Amino acid sequence: MAEPLTLYLAAPRGFCAGVDRAIKIVEMALEKWGAPVYVRHEIVHNRYVVEGLRAKGAVFVEELADCPPDRPVVFSAHGVPKAVPAEAEARRMLYVDATCPLVSKVHLEAERHHQGGLQMVMIGHAGHPEVIGTMGQLPDGAVLLVETVADVAGLAPADPGRLAYITQTTLSIDDTAEIVAALRARFPAIVGPHKEDICYATTNRQEAVKAMAPKIEALLVIGAPNSSNSQRLVEVGRRSGCAYAQLVQRADDIDWRAIAGVRAIGITAGASAPEVLVEEVIAAFRARYDVTERLVETAQENVEFKVPRVFRARVA
């Protein structure tokens, strides 16, 4: 007889509206213009999604220079520096920007503050595509990057009285609050965003993990190693008391020995992980245990973002 196991399923989990829109844009581009459609950088950070689109005719490249000028190119959901669309226009390329609207909001914020004479401080992870894209909205050196509370002490702004901060949209809410507190303590005049930059989906997924943590002995986060919001979910789980919190890309990645004897396991998925992978993981547990499922729902999401106008035009 199979051992009993309770699976606590986080809600919300998985795809957010920005990811959903970005994938849809690539699919619509393939439908409209045929294959191949080029995509600069992974459209979203998930191997399963990328391989699925590749099978349909999407070609993933790192730089615009790798794209022929006569085929459409899509910019990823993470956003791109201003230099990228400028180069596409110079080469007379057909391009579609799949930047998440919530990332675009941060871009506009940065520009507005810069035009108002404020120097920008960005809270984020160096080298992440979203950070590269956001910092690339302004001239070189106009944005100072901080990754940790310790970095705040080393900041050397041109004028400490004329600063504003923005954040990457996929950070840990708690870590970011600590960095913001350090910035405000050192630079009391610093200007913050009207509304938190960390996106609703990141916040909601972290809150669901926090609500689930007291009920579970182990947490599995379905997501990619290069997915910032997925990695933050693992950290939130550990910080909330989960002795075992692990990132898995697929059911094959589950370390069954590590969770032997565990009776309550939480499952969630990062914002770029499709539900089919969650179902695959649940099926793997059902094959080994007598599973009872429990939903832990902390919010309901009904956000939807429109696709670009090029796909909305209808021929009369």
# chains A, B, ... in the order shown; residues from 1 in each chain; ligands from 1

$ residues_around --residues "range 245-251 of chain A" --least-positions-apart "5" --cutoff "8 Å" --atoms "only C-alpha atoms" --output "list in words"
Ala218, Leu219, Leu220, Val221, Ile222, Gly223, Ala224, Pro225, Ser230, Gln231, Val234, Glu235, Gly237, Arg238, Leu277, Glu280, Val281 and Ala284 of chain A

$ closest_residue --among "A:His41, A:Arg162, A:Arg13, A:Arg312" --to "Ala189 in chain A" --atoms "only C-alpha atoms"
A:Arg162

$ residues_around --residues "Val106 in chain A" --least-positions-apart "4" --cutoff "7 Å" --atoms "only C-alpha atoms" --output "ChimeraX atom specification"
/A:102,110,166,197

$ write_last_selection --atoms "N, CA and C atoms" --output "mmCIF file, in the first residue's frame"
data_model
loop_
_atom_site.group_PDB
_atom_site.id
_atom_site.type_symbol
_atom_site.label_atom_id
_atom_site.label_comp_id
_atom_site.auth_asym_id
_atom_site.auth_seq_id
_atom_site.Cartn_x
_atom_site.Cartn_y
_atom_site.Cartn_z
ATOM 1 N N LEU A 102 4.532 45.673 -17.155
ATOM 2 C CA LEU A 102 4.950 46.113 -15.819
ATOM 3 C C LEU A 102 6.446 46.465 -15.792
ATOM 4 N N ALA A 110 11.920 55.426 -14.798
ATOM 5 C CA ALA A 110 13.341 55.787 -14.821
ATOM 6 C C ALA A 110 13.561 57.006 -15.715
ATOM 7 N N ILE A 166 14.329 52.626 -8.361
ATOM 8 C CA ILE A 166 13.407 51.716 -9.036
ATOM 9 C C ILE A 166 13.878 50.305 -8.688
ATOM 10 N N ASP A 197 7.357 48.586 -7.512
ATOM 11 C CA ASP A 197 7.766 48.054 -8.819
ATOM 12 C C ASP A 197 7.672 46.530 -8.886
#

$ residues_around --residues "Pro188 in chain A" --least-positions-apart "3" --cutoff "9 Å" --atoms "only C-alpha atoms" --output "list in words"
Pro160, Gly161, Leu183, Arg184, Ala185 and Val191 of chain A

$ residues_around --residues "Thr6 in chain A" --least-positions-apart "2" --cutoff "10 Å" --atoms "only C-alpha atoms" --output "ChimeraX atom specification"
/A:4,8-9,215-216,262-266,285,289-294

$ atom_distance --atom1 "CA of Pro157 in chain A" --atom2 "CA of Lys105 in chain A"
23.8 Å

$ atom_distance --atom1 "CA of Ala150 in chain A" --atom2 "CA of Ala201 in chain A"
27.3 Å

$ select_by_dssp --residues "range 124-230 of chain A" --states "strand (DSSP E or B)" --output "PyMOL selection string"
chain A and resi 143-146+163-167+191+218-222

$ write_last_selection --atoms "N, CA and C atoms" --output "short mmCIF file (atom, residue, chain, number, x, y, z; two decimals), in the first residue's frame"
data_model
loop_
_atom_site.label_atom_id
_atom_site.label_comp_id
_atom_site.auth_asym_id
_atom_site.auth_seq_id
_atom_site.Cartn_x
_atom_site.Cartn_y
_atom_site.Cartn_z
N VAL A 143 22.51 55.25 -14.10
CA VAL A 143 21.83 54.38 -13.13
C VAL A 143 22.88 53.66 -12.27
N LEU A 144 22.72 53.77 -10.97
CA LEU A 144 23.59 53.06 -10.03
C LEU A 144 22.86 51.79 -9.60
N LEU A 145 23.56 50.64 -9.62
CA LEU A 145 22.93 49.37 -9.27
C LEU A 145 23.29 48.95 -7.85
N VAL A 146 22.28 48.56 -7.08
CA VAL A 146 22.54 47.97 -5.76
C VAL A 146 21.87 46.60 -5.71
N LEU A 163 18.04 61.95 -5.75
CA LEU A 163 18.05 60.54 -6.11
C LEU A 163 16.63 59.98 -6.19
N ALA A 164 16.47 58.95 -7.01
CA ALA A 164 15.20 58.19 -7.06
C ALA A 164 15.58 56.73 -7.22
N TYR A 165 14.72 55.83 -6.75
CA TYR A 165 15.03 54.40 -6.93
C TYR A 165 13.92 53.69 -7.67
N ILE A 166 14.33 52.63 -8.36
CA ILE A 166 13.41 51.72 -9.04
C ILE A 166 13.88 50.30 -8.69
N THR A 167 13.04 49.29 -8.95
CA THR A 167 13.48 47.94 -8.66
C THR A 167 13.14 46.99 -9.81
N VAL A 191 13.52 59.53 -3.83
CA VAL A 191 12.15 59.42 -4.32
C VAL A 191 11.87 57.97 -4.73
N ALA A 218 8.43 20.18 3.21
CA ALA A 218 9.31 20.39 2.06
C ALA A 218 8.56 21.20 1.00
N LEU A 219 9.33 21.96 0.21
CA LEU A 219 8.75 22.80 -0.84
C LEU A 219 9.46 22.53 -2.15
N LEU A 220 8.69 22.30 -3.20
CA LEU A 220 9.26 22.19 -4.54
C LEU A 220 8.77 23.37 -5.36
N VAL A 221 9.71 24.09 -5.95
CA VAL A 221 9.37 25.22 -6.83
C VAL A 221 9.70 24.78 -8.25
N ILE A 222 8.69 24.76 -9.11
CA ILE A 222 8.91 24.38 -10.50
C ILE A 222 9.30 25.63 -11.27
#
